[in-house]
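Written out below as structure tokens is the structure these notes cover.
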Amino acid sequence: MKQWVFAAIAAIGIGAAADAAEFKPAVVFDMGGKFDKSFNEGVYEGAERFAKESGVKYLEFEVTNETQREQAIRRMARKGANPILGVGFAQGPAIEKIAKEYPDTSFAIIDSVVDVPNVQSIVFNEHEGSFLVGVLAAKASKTGKLGFVGGMDIPLIRRFACGYVGGAQWANKDIEVLQNMTGSTPAAWNDPTKGAELARSQFDRGADVVFAAAGSTGLGVLQAAEDAGKKAIGVDSNQNYLHPGTMLTSMLKRVDIAAYNVFKSAKAGELKPGINVLGLGENGVGWALDEHNKAMITDEMKAAVAKAEAGIKSGEIKVHDYMADNTCPY
């Protein structure tokens with residue numbers, strides 16, 4: 001996928017500054033629920049931060065089956081919600097359709113590009129953040145084998161996997177990465193039992209660090225790692241607190257900042273249409289270091305990941321984007 005930039009129209013905000021009495025933001029969470037401890041929950045935390053700071057309540061809906069997406073977004077528009085934030089690539093078609101029906105309403109979507117004049121599309125360079133945790137995993141591994149468990153088998157999750165492999169091989173050219181996807185339907189995001197099974201299989205084959213990019217399914221992966229005495233890497237939100245001593249780190253995808261900024265800028269009348277790309281340079285992705293994992297991150301590991309991050313930002317290190325050509329050269 002080519003590097004996106006804001007459209008020229010981005011110089012003009014979507015709508016004027018919102019009157020506090022009329023301002024009614026809304027968020028439609030995707031499958032897995034707003035308390036999935038991962039992707040959706042990150043968006044929830046950003047929306048909550050905005051609500052607490054501004055005193056403005058927001059409307060919300062949690063999608064539990066695919067047919068609800070369009071219904072929920074249209075219902076929010078009919079209620080006068082503005083802006084309406086859709087969470088996840090699967091909401092793209094619904095956002096595109098309803099944004100055209102409600103041209104005076106502002107929309108935003110995370111993880112998809114919708115080319116409509118009243119929509120801001122927020123996408124992330126997940127491969128860059130995944131490269132960094134791959135470096136850490138390779139440095140932490142004692143067996144020379146790593147694991148990756150993805151959720152739904154889609155190019156976006158392949159992007160995570162490819163970046164992870166790239167970082168691991170940058171740190172150790174002889175590293176091996178075992179990979180499994182949970183499924184090919186949206187149910188793959190919410191199957192912790194299957195996630196645990198896949199992780200145990202990878203541990204049985206020698207992996208000692210596993211990266212889960214699988215929504216709620218990843219919770220099973222993390223638990224399996226603790227049970228097996230192995231290390232795990234969380235995703236999207238900082239999941240280090242879930243299993244202290246097991247969690248090597250978490251690949252941060254700052255959907256919380258994205259959600260917060262959508263609501264804040266819309267309230268100020270400054271929400272801009274077009275495509276907003278958040279990578280390492282924009283602090284949109286990264287890795288988590290806190291009291292729960294600092295004992296496992298050595299000075300050597302910190303130095304290696306800092307070198308990788310600097311190289312990516314400068315352009316010296318080119319992290320392959322799976323979504324550019326649907327291939328992974330590592």
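FYI, nothing fancy with the structure tokens labels: chains A, B, ... in order, residues from 1 per chain, ligands from 1 as they appear.
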
Determine, using only C-alpha atoms, which residues of range 177-208 of chain A have any atom at most 12 Å from an atom of range 60-79 of chain A, and tabulate each with its shortest atom pair and distance in Å to one decimal place, rows ordered by chain and then rising number, as a tab-separated table.
```
residue	atom	partner	partner_atom	distance
A:Thr185	CA	A:Glu66	CA	10.3
A:Pro186	CA	A:Glu66	CA	8.2
A:Ala187	CA	A:Asn65	CA	9.3
A:Trp189	CA	A:Thr64	CA	11.5
A:Asn190	CA	A:Thr64	CA	10.5
```

key: Residue list (alpha helix (DSSP H), DSSP) for range 190-302 of chain A, as a VMD selection string   = chain A and resid 192 to 204 217 to 228 255 to 267 299 to 302

For C-alpha atoms, I'd like the residues from the last selection saved as a PDB file, in the first residue's frame.
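Result file is part06.pdb:
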```pdb
ATOM      1  CA  PRO A 192      -9.255 -17.405  23.318  1.00  0.00           C
ATOM      2  CA  THR A 193      -9.470 -21.204  23.433  1.00  0.00           C
ATOM      3  CA  LYS A 194      -8.197 -21.516  19.860  1.00  0.00           C
ATOM      4  CA  GLY A 195      -5.555 -18.893  20.548  1.00  0.00           C
ATOM      5  CA  ALA A 196      -4.267 -20.910  23.492  1.00  0.00           C
ATOM      6  CA  GLU A 197      -4.180 -24.096  21.411  1.00  0.00           C
ATOM      7  CA  LEU A 198      -2.144 -22.431  18.679  1.00  0.00           C
ATOM      8  CA  ALA A 199       0.296 -20.960  21.195  1.00  0.00           C
ATOM      9  CA  ARG A 200       0.788 -24.315  22.936  1.00  0.00           C
ATOM     10  CA  SER A 201       1.534 -25.910  19.565  1.00  0.00           C
ATOM     11  CA  GLN A 202       4.201 -23.317  18.877  1.00  0.00           C
ATOM     12  CA  PHE A 203       5.715 -23.820  22.326  1.00  0.00           C
ATOM     13  CA  ASP A 204       5.799 -27.568  21.703  1.00  0.00           C
ATOM     14  CA  THR A 217      -8.271 -14.375  20.973  1.00  0.00           C
ATOM     15  CA  GLY A 218      -4.879 -13.121  22.072  1.00  0.00           C
ATOM     16  CA  LEU A 219      -5.932 -13.352  25.712  1.00  0.00           C
ATOM     17  CA  GLY A 220      -5.780 -17.127  25.361  1.00  0.00           C
ATOM     18  CA  VAL A 221      -2.308 -16.862  23.840  1.00  0.00           C
ATOM     19  CA  LEU A 222      -1.061 -14.787  26.762  1.00  0.00           C
ATOM     20  CA  GLN A 223      -2.533 -17.187  29.307  1.00  0.00           C
ATOM     21  CA  ALA A 224      -0.988 -20.176  27.530  1.00  0.00           C
ATOM     22  CA  ALA A 225       2.412 -18.469  27.688  1.00  0.00           C
ATOM     23  CA  GLU A 226       2.115 -17.976  31.435  1.00  0.00           C
ATOM     24  CA  ASP A 227       0.998 -21.580  31.917  1.00  0.00           C
ATOM     25  CA  ALA A 228       3.970 -22.839  29.896  1.00  0.00           C
ATOM     26  CA  VAL A 255      -5.897   3.913  18.778  1.00  0.00           C
ATOM     27  CA  ASP A 256      -6.604   5.658  22.089  1.00  0.00           C
ATOM     28  CA  ILE A 257      -4.892   8.795  20.816  1.00  0.00           C
ATOM     29  CA  ALA A 258      -6.682   8.475  17.480  1.00  0.00           C
ATOM     30  CA  ALA A 259     -10.113   8.303  19.132  1.00  0.00           C
ATOM     31  CA  TYR A 260      -9.345  11.140  21.534  1.00  0.00           C
ATOM     32  CA  ASN A 261      -8.103  13.367  18.722  1.00  0.00           C
ATOM     33  CA  VAL A 262     -11.154  12.683  16.546  1.00  0.00           C
ATOM     34  CA  PHE A 263     -13.536  13.839  19.266  1.00  0.00           C
ATOM     35  CA  LYS A 264     -11.361  16.745  20.429  1.00  0.00           C
ATOM     36  CA  SER A 265     -10.734  18.130  16.950  1.00  0.00           C
ATOM     37  CA  ALA A 266     -14.393  17.705  15.975  1.00  0.00           C
ATOM     38  CA  LYS A 267     -15.504  19.658  19.026  1.00  0.00           C
ATOM     39  CA  ASP A 299      20.355  -2.606  28.527  1.00  0.00           C
ATOM     40  CA  GLU A 300      21.443  -4.544  25.432  1.00  0.00           C
ATOM     41  CA  MET A 301      17.815  -4.974  24.382  1.00  0.00           C
ATOM     42  CA  LYS A 302      17.068  -1.295  24.956  1.00  0.00           C
TER      43      LYS A 302
END
```

task = Measure the distance from CA of Tyr102 in chain A to CA of Gly284 in chain A in Å and round it to one decimal.
result =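 Atom-to-atom, CA of Tyr102 in chain A and CA of Gly284 in chain A are spaced 29.5 Å apart.
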
message = Just want the 7 Å neighbourhood of Val209 in chain A, counted on only C-alpha atoms, with same-chain residues fewer than 2 positions away dropped. Output as JSON, numbers by chain.
response = {"A": [137, 141, 146, 147, 207, 211, 230, 231, 232]}

request  = Return the single residue from A:Phe50, A:Phe107, A:Phe89, A:Phe23 that is closest to Leu271 in chain A, with distances computed using only C-alpha atoms.
outcome  =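 Nearest to Leu271 in chain A: A:Phe107.
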
ask   = How many Å separate CA of Val114 in chain A from CA of Ala214 in chain A?
value = 23.6 Å

Per DSSP on the backbone, filter range 100-259 of chain A down to the residues in strand (DSSP E) and report them as a CSV table (one decimal) with all heavy atoms, in the first residue's frame.
```
chain,number,residue,atom,x,y,z
A,107,PHE,N,-17.6,11.9,9.9
A,107,PHE,CA,-17.3,10.5,10.2
A,107,PHE,C,-15.8,10.3,10.3
A,107,PHE,O,-15.0,11.1,9.7
A,107,PHE,CB,-17.8,9.6,9.1
A,107,PHE,CG,-19.3,9.6,9.0
A,107,PHE,CD1,-20.0,10.6,8.3
A,107,PHE,CD2,-20.1,8.6,9.6
A,107,PHE,CE1,-21.4,10.6,8.2
A,107,PHE,CE2,-21.5,8.6,9.5
A,107,PHE,CZ,-22.1,9.6,8.8
A,108,ALA,N,-15.4,9.3,11.0
A,108,ALA,CA,-14.0,8.9,11.1
A,108,ALA,C,-14.0,7.4,11.2
A,108,ALA,O,-14.9,6.8,11.7
A,108,ALA,CB,-13.2,9.5,12.2
A,109,ILE,N,-12.9,6.8,10.7
A,109,ILE,CA,-12.8,5.3,10.7
A,109,ILE,C,-11.3,5.0,11.0
A,109,ILE,O,-10.4,5.6,10.5
A,109,ILE,CB,-13.3,4.6,9.5
A,109,ILE,CG1,-13.2,3.1,9.6
A,109,ILE,CG2,-12.5,5.1,8.2
A,109,ILE,CD1,-14.0,2.3,8.6
A,110,ILE,N,-11.1,4.0,11.9
A,110,ILE,CA,-9.8,3.5,12.2
A,110,ILE,C,-9.6,2.2,11.5
A,110,ILE,O,-10.4,1.3,11.5
A,110,ILE,CB,-9.7,3.3,13.7
A,110,ILE,CG1,-9.8,4.6,14.5
A,110,ILE,CG2,-8.4,2.6,14.1
A,110,ILE,CD1,-9.8,4.5,16.0
A,119,VAL,N,-15.2,12.2,5.6
A,119,VAL,CA,-14.6,11.1,6.4
A,119,VAL,C,-13.1,11.3,6.6
A,119,VAL,O,-12.4,11.6,5.7
A,119,VAL,CB,-14.8,9.8,5.7
A,119,VAL,CG1,-14.2,8.6,6.6
A,119,VAL,CG2,-16.3,9.5,5.5
A,120,GLN,N,-12.7,11.2,7.9
A,120,GLN,CA,-11.2,11.0,8.1
A,120,GLN,C,-10.9,9.6,8.3
A,120,GLN,O,-11.5,8.9,9.1
A,120,GLN,CB,-10.8,11.8,9.4
A,120,GLN,CG,-9.3,11.7,9.7
A,120,GLN,CD,-8.8,12.4,10.9
A,120,GLN,OE1,-8.4,11.8,11.8
A,120,GLN,NE2,-8.8,13.8,10.8
A,121,SER,N,-9.9,9.1,7.6
A,121,SER,CA,-9.5,7.7,7.6
A,121,SER,C,-8.1,7.7,8.4
A,121,SER,O,-7.2,8.3,8.0
A,121,SER,CB,-9.3,7.2,6.2
A,121,SER,OG,-10.5,7.2,5.5
A,122,ILE,N,-8.1,6.9,9.4
A,122,ILE,CA,-6.9,6.8,10.3
A,122,ILE,C,-6.3,5.4,10.1
A,122,ILE,O,-7.0,4.4,10.4
A,122,ILE,CB,-7.3,7.1,11.8
A,122,ILE,CG1,-8.0,8.4,11.9
A,122,ILE,CG2,-6.0,7.0,12.6
A,122,ILE,CD1,-8.8,8.5,13.2
A,123,VAL,N,-5.1,5.4,9.6
A,123,VAL,CA,-4.4,4.1,9.5
A,123,VAL,C,-3.0,4.2,10.2
A,123,VAL,O,-2.5,5.3,10.4
A,123,VAL,CB,-4.2,3.7,8.0
A,123,VAL,CG1,-5.6,3.4,7.3
A,123,VAL,CG2,-3.5,4.8,7.2
A,124,PHE,N,-2.5,3.0,10.5
A,124,PHE,CA,-1.3,2.9,11.2
A,124,PHE,C,-0.2,2.1,10.5
A,124,PHE,O,-0.5,1.2,9.7
A,124,PHE,CB,-1.5,2.2,12.6
A,124,PHE,CG,-2.4,3.0,13.5
A,124,PHE,CD1,-3.8,3.0,13.4
A,124,PHE,CD2,-1.9,3.7,14.5
A,124,PHE,CE1,-4.6,3.7,14.2
A,124,PHE,CE2,-2.7,4.4,15.4
A,124,PHE,CZ,-4.1,4.4,15.2
A,145,LYS,N,13.7,-19.6,18.4
A,145,LYS,CA,12.5,-19.8,17.8
A,145,LYS,C,11.4,-18.9,18.4
A,145,LYS,O,11.3,-18.9,19.7
A,145,LYS,CB,12.0,-21.3,17.8
A,145,LYS,CG,12.8,-22.2,17.0
A,145,LYS,CD,12.1,-23.6,17.0
A,145,LYS,CE,12.9,-24.6,16.1
A,145,LYS,NZ,12.3,-25.9,16.0
A,146,LEU,N,10.7,-18.2,17.6
A,146,LEU,CA,9.6,-17.3,18.1
A,146,LEU,C,8.3,-17.8,17.5
A,146,LEU,O,8.2,-18.6,16.6
A,146,LEU,CB,9.9,-15.9,17.7
A,146,LEU,CG,11.2,-15.3,18.0
A,146,LEU,CD1,11.3,-13.9,17.4
A,146,LEU,CD2,11.5,-15.3,19.5
A,147,GLY,N,7.2,-17.3,18.1
A,147,GLY,CA,5.9,-17.6,17.6
A,147,GLY,C,5.1,-16.3,17.3
A,147,GLY,O,5.3,-15.3,17.9
A,148,PHE,N,4.1,-16.5,16.4
A,148,PHE,CA,3.2,-15.4,16.1
A,148,PHE,C,1.8,-16.0,15.9
A,148,PHE,O,1.6,-17.0,15.2
A,148,PHE,CB,3.6,-14.7,14.8
A,148,PHE,CG,2.6,-13.6,14.4
A,148,PHE,CD1,2.7,-12.3,14.9
A,148,PHE,CD2,1.5,-13.9,13.5
A,148,PHE,CE1,1.7,-11.3,14.5
A,148,PHE,CE2,0.6,-13.0,13.2
A,148,PHE,CZ,0.7,-11.7,13.7
A,149,VAL,N,0.8,-15.5,16.6
A,149,VAL,CA,-0.6,-16.0,16.5
A,149,VAL,C,-1.4,-14.7,16.1
A,149,VAL,O,-1.5,-13.8,16.8
A,149,VAL,CB,-1.1,-16.6,17.8
A,149,VAL,CG1,-2.6,-16.9,17.6
A,149,VAL,CG2,-0.3,-17.8,18.2
A,150,GLY,N,-1.9,-14.8,14.8
A,150,GLY,CA,-2.8,-13.7,14.3
A,150,GLY,C,-4.3,-14.1,14.5
A,150,GLY,O,-4.6,-15.2,14.8
A,151,GLY,N,-5.1,-13.1,14.4
A,151,GLY,CA,-6.5,-13.3,14.5
A,151,GLY,C,-7.1,-13.7,13.1
A,151,GLY,O,-6.7,-14.8,12.6
A,152,MET,N,-7.9,-12.9,12.5
A,152,MET,CA,-8.5,-13.2,11.2
A,152,MET,C,-7.4,-13.0,10.1
A,152,MET,O,-6.6,-12.1,10.2
A,152,MET,CB,-9.6,-12.2,10.9
A,152,MET,CG,-10.4,-12.5,9.6
A,152,MET,SD,-11.8,-11.3,9.5
A,152,MET,CE,-12.4,-11.8,7.9
A,176,GLU,N,14.0,-18.2,13.8
A,176,GLU,CA,12.9,-18.9,13.1
A,176,GLU,C,11.6,-18.4,13.8
A,176,GLU,O,11.5,-18.3,15.0
A,176,GLU,CB,13.0,-20.4,13.2
A,176,GLU,CG,11.9,-21.1,12.5
A,176,GLU,CD,12.0,-22.6,12.6
A,176,GLU,OE1,13.0,-23.1,13.1
A,176,GLU,OE2,11.0,-23.3,12.2
A,177,VAL,N,10.6,-18.1,13.0
A,177,VAL,CA,9.4,-17.6,13.5
A,177,VAL,C,8.2,-18.5,13.0
A,177,VAL,O,8.0,-18.6,11.8
A,177,VAL,CB,9.1,-16.1,13.0
A,177,VAL,CG1,7.8,-15.6,13.7
A,177,VAL,CG2,10.2,-15.2,13.4
A,178,LEU,N,7.6,-19.1,13.9
A,178,LEU,CA,6.4,-20.0,13.6
A,178,LEU,C,5.2,-19.1,13.6
A,178,LEU,O,5.0,-18.3,14.5
A,178,LEU,CB,6.3,-21.1,14.7
A,178,LEU,CG,7.5,-21.9,15.0
A,178,LEU,CD1,7.3,-22.9,16.2
A,178,LEU,CD2,8.0,-22.7,13.8
A,179,GLN,N,4.3,-19.3,12.6
A,179,GLN,CA,3.1,-18.5,12.5
A,179,GLN,C,1.9,-19.3,12.3
A,179,GLN,O,1.9,-20.3,11.6
A,179,GLN,CB,3.3,-17.5,11.2
A,179,GLN,CG,4.5,-16.6,11.3
A,179,GLN,CD,4.6,-15.7,10.1
A,179,GLN,OE1,3.5,-15.1,9.7
A,179,GLN,NE2,5.7,-15.6,9.5
A,180,ASN,N,0.8,-18.8,12.9
A,180,ASN,CA,-0.5,-19.4,12.7
A,180,ASN,C,-1.5,-18.2,12.8
A,180,ASN,O,-1.4,-17.3,13.6
A,180,ASN,CB,-0.9,-20.4,13.8
A,180,ASN,CG,-0.1,-21.6,13.8
A,180,ASN,OD1,0.9,-21.8,14.5
A,180,ASN,ND2,-0.4,-22.5,12.8
A,181,MET,N,-2.6,-18.3,11.9
A,181,MET,CA,-3.7,-17.5,12.0
A,181,MET,C,-4.9,-18.3,12.6
A,181,MET,O,-5.0,-19.5,12.4
A,181,MET,CB,-4.1,-17.0,10.6
A,181,MET,CG,-3.0,-16.1,9.9
A,181,MET,SD,-2.8,-14.5,10.8
A,181,MET,CE,-1.4,-13.9,9.8
A,182,THR,N,-5.7,-17.6,13.3
A,182,THR,CA,-6.8,-18.3,14.0
A,182,THR,C,-7.9,-18.7,13.1
A,182,THR,O,-8.6,-19.7,13.3
A,182,THR,CB,-7.4,-17.3,15.1
A,182,THR,OG1,-6.3,-17.0,16.0
A,182,THR,CG2,-8.4,-18.1,16.0
A,183,GLY,N,-8.3,-17.9,12.1
A,183,GLY,CA,-9.4,-18.3,11.2
A,183,GLY,C,-9.5,-17.3,10.1
A,183,GLY,O,-8.8,-16.3,10.0
A,209,VAL,N,9.0,-17.3,22.8
A,209,VAL,CA,8.3,-16.0,22.9
A,209,VAL,C,7.3,-15.9,21.8
A,209,VAL,O,7.6,-16.3,20.6
A,209,VAL,CB,9.3,-14.8,22.6
A,209,VAL,CG1,8.6,-13.5,22.8
A,209,VAL,CG2,10.5,-14.9,23.6
A,210,VAL,N,6.1,-15.5,22.1
A,210,VAL,CA,5.0,-15.5,21.2
A,210,VAL,C,4.3,-14.1,21.1
A,210,VAL,O,4.1,-13.5,22.2
A,210,VAL,CB,3.9,-16.6,21.4
A,210,VAL,CG1,3.3,-16.4,22.8
A,210,VAL,CG2,2.9,-16.7,20.3
A,211,PHE,N,4.1,-13.6,19.9
A,211,PHE,CA,3.4,-12.3,19.7
A,211,PHE,C,2.0,-12.6,19.3
A,211,PHE,O,1.8,-13.3,18.3
A,211,PHE,CB,4.2,-11.6,18.7
A,211,PHE,CG,3.6,-10.2,18.3
A,211,PHE,CD1,2.8,-9.5,19.1
A,211,PHE,CD2,4.0,-9.7,17.0
A,211,PHE,CE1,2.3,-8.2,18.7
A,211,PHE,CE2,3.5,-8.4,16.6
A,211,PHE,CZ,2.7,-7.7,17.5
A,212,ALA,N,1.0,-12.1,20.0
A,212,ALA,CA,-0.4,-12.3,19.7
A,212,ALA,C,-1.0,-11.0,19.1
A,212,ALA,O,-1.0,-9.9,19.7
A,212,ALA,CB,-1.2,-12.7,20.9
A,213,ALA,N,-1.5,-11.0,17.8
A,213,ALA,CA,-2.1,-9.9,17.2
A,213,ALA,C,-3.5,-10.4,16.8
A,213,ALA,O,-3.8,-10.7,15.6
A,213,ALA,CB,-1.4,-9.4,16.0
A,231,LYS,N,7.4,-16.6,27.3
A,231,LYS,CA,7.1,-15.1,27.2
A,231,LYS,C,6.1,-14.8,26.1
A,231,LYS,O,6.0,-15.5,25.1
A,231,LYS,CB,8.5,-14.4,26.9
A,231,LYS,CG,9.6,-14.6,27.9
A,231,LYS,CD,9.2,-14.2,29.3
A,231,LYS,CE,10.3,-14.4,30.3
A,231,LYS,NZ,9.9,-14.2,31.7
A,232,ALA,N,5.4,-13.7,26.3
A,232,ALA,CA,4.4,-13.3,25.4
A,232,ALA,C,4.5,-11.8,25.1
A,232,ALA,O,5.1,-11.0,25.9
A,232,ALA,CB,3.0,-13.6,25.9
A,233,ILE,N,4.0,-11.4,23.9
A,233,ILE,CA,4.0,-10.0,23.6
A,233,ILE,C,2.5,-9.6,23.2
A,233,ILE,O,1.9,-10.3,22.4
A,233,ILE,CB,4.9,-9.7,22.3
A,233,ILE,CG1,6.3,-10.0,22.7
A,233,ILE,CG2,4.7,-8.3,21.9
A,233,ILE,CD1,7.3,-10.0,21.5
A,234,GLY,N,2.0,-8.6,23.9
A,234,GLY,CA,0.7,-8.1,23.7
A,234,GLY,C,0.6,-7.2,22.5
A,234,GLY,O,1.6,-6.9,21.8
A,235,VAL,N,-0.6,-6.7,22.2
A,235,VAL,CA,-0.8,-5.9,21.1
A,235,VAL,C,-1.9,-4.8,21.3
A,235,VAL,O,-2.7,-4.9,22.1
A,235,VAL,CB,-1.3,-6.8,19.9
A,235,VAL,CG1,-2.7,-7.2,20.0
A,235,VAL,CG2,-1.0,-6.1,18.5
A,236,ASP,N,-1.7,-3.7,20.5
A,236,ASP,CA,-2.6,-2.6,20.5
A,236,ASP,C,-2.6,-1.8,21.8
A,236,ASP,O,-1.9,-0.7,21.9
A,236,ASP,CB,-4.1,-3.0,20.2
A,236,ASP,CG,-4.2,-3.6,18.8
A,236,ASP,OD1,-3.4,-3.2,17.9
A,236,ASP,OD2,-5.1,-4.4,18.6
A,247,MET,N,4.8,-11.2,30.3
A,247,MET,CA,4.7,-10.2,29.2
A,247,MET,C,6.0,-9.6,29.0
A,247,MET,O,6.5,-8.7,29.8
A,247,MET,CB,3.6,-9.2,29.5
A,247,MET,CG,2.2,-9.8,29.7
A,247,MET,SD,1.6,-10.8,28.3
A,247,MET,CE,1.6,-9.5,27.0
A,248,LEU,N,6.7,-9.9,27.9
A,248,LEU,CA,7.9,-9.3,27.5
A,248,LEU,C,7.7,-7.8,27.2
A,248,LEU,O,8.5,-6.9,27.6
A,248,LEU,CB,8.6,-10.0,26.3
A,248,LEU,CG,9.9,-9.5,25.8
A,248,LEU,CD1,11.0,-9.7,26.9
A,248,LEU,CD2,10.3,-10.1,24.5
A,249,THR,N,6.7,-7.5,26.5
A,249,THR,CA,6.3,-6.2,26.1
A,249,THR,C,4.9,-6.2,25.4
A,249,THR,O,4.3,-7.3,25.3
A,249,THR,CB,7.3,-5.4,25.2
A,249,THR,OG1,7.0,-4.1,25.1
A,249,THR,CG2,7.5,-6.1,23.9
A,250,SER,N,4.5,-5.1,24.9
A,250,SER,CA,3.3,-5.0,24.1
A,250,SER,C,3.6,-4.1,22.9
A,250,SER,O,4.2,-3.0,23.1
A,250,SER,CB,2.1,-4.5,24.9
A,250,SER,OG,1.7,-5.3,25.9
A,251,MET,N,3.1,-4.4,21.7
A,251,MET,CA,3.2,-3.6,20.6
A,251,MET,C,2.1,-2.6,20.6
A,251,MET,O,0.9,-2.9,20.5
A,251,MET,CB,3.2,-4.4,19.3
A,251,MET,CG,3.7,-3.6,18.1
A,251,MET,SD,2.8,-2.2,17.5
A,251,MET,CE,1.6,-2.9,16.5
A,252,LEU,N,2.4,-1.3,20.9
A,252,LEU,CA,1.4,-0.3,21.0
A,252,LEU,C,0.9,0.3,19.7
A,252,LEU,O,1.7,0.7,18.9
A,252,LEU,CB,1.9,0.8,21.9
A,252,LEU,CG,2.4,0.5,23.3
A,252,LEU,CD1,3.0,1.7,24.0
A,252,LEU,CD2,1.3,-0.2,24.1
A,253,LYS,N,-0.4,0.3,19.5
A,253,LYS,CA,-1.0,0.9,18.4
A,253,LYS,C,-1.9,1.9,19.0
A,253,LYS,O,-3.0,1.6,19.6
A,253,LYS,CB,-1.7,-0.2,17.6
A,253,LYS,CG,-2.4,0.4,16.3
A,253,LYS,CD,-3.0,-0.8,15.5
A,253,LYS,CE,-3.9,-0.3,14.4
A,253,LYS,NZ,-4.4,-1.4,13.6
```

Proximity of range 280-329 of chain A to range 163-173 of chain A: per-residue shortest pair, 10 Å limit, only C-alpha atoms, as JSON lines:
```
{"residue": "A:Met301", "atom": "CA", "partner": "A:Ala171", "partner_atom": "CA", "distance": 9.8}
{"residue": "A:Ala304", "atom": "CA", "partner": "A:Ala171", "partner_atom": "CA", "distance": 7.7}
{"residue": "A:Val305", "atom": "CA", "partner": "A:Ala171", "partner_atom": "CA", "distance": 9.0}
{"residue": "A:Ala308", "atom": "CA", "partner": "A:Gly167", "partner_atom": "CA", "distance": 8.2}
{"residue": "A:Ile317", "atom": "CA", "partner": "A:Trp170", "partner_atom": "CA", "distance": 9.5}
{"residue": "A:Lys318", "atom": "CA", "partner": "A:Gly166", "partner_atom": "CA", "distance": 9.7}
{"residue": "A:Val319", "atom": "CA", "partner": "A:Gly163", "partner_atom": "CA", "distance": 6.6}
{"residue": "A:His320", "atom": "CA", "partner": "A:Gly163", "partner_atom": "CA", "distance": 6.8}
{"residue": "A:Asp321", "atom": "CA", "partner": "A:Gly163", "partner_atom": "CA", "distance": 7.3}
{"residue": "A:Tyr322", "atom": "CA", "partner": "A:Gly163", "partner_atom": "CA", "distance": 8.1}
{"residue": "A:Cys328", "atom": "CA", "partner": "A:Gly163", "partner_atom": "CA", "distance": 8.6}
{"residue": "A:Pro329", "atom": "CA", "partner": "A:Gly166", "partner_atom": "CA", "distance": 8.5}
```

Output file for the residues above (C-alpha atoms, as a compact mmCIF listing (two decimals), in the first residue's frame):
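The new file part32.txt reads:
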```
# COMPACT_ATOMS: atom_id res chain seq x y z
CA MET A 301 17.81 -4.97 24.38
CA ALA A 304 19.08 -2.66 20.02
CA VAL A 305 15.49 -1.48 19.86
CA ALA A 308 16.15 0.00 15.16
CA ILE A 317 15.98 0.66 7.86
CA LYS A 318 13.21 -0.08 5.38
CA VAL A 319 10.51 -2.19 7.01
CA HIS A 320 8.63 -4.10 4.34
CA ASP A 321 4.90 -3.39 4.30
CA TYR A 322 3.02 -6.60 3.51
CA CYS A 328 6.82 -10.86 2.96
CA PRO A 329 10.46 -11.11 1.85
```

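Coordinates place CA of Ser216 in chain A at a distance of 5.2 Å from CA of Asp36 in chain A.
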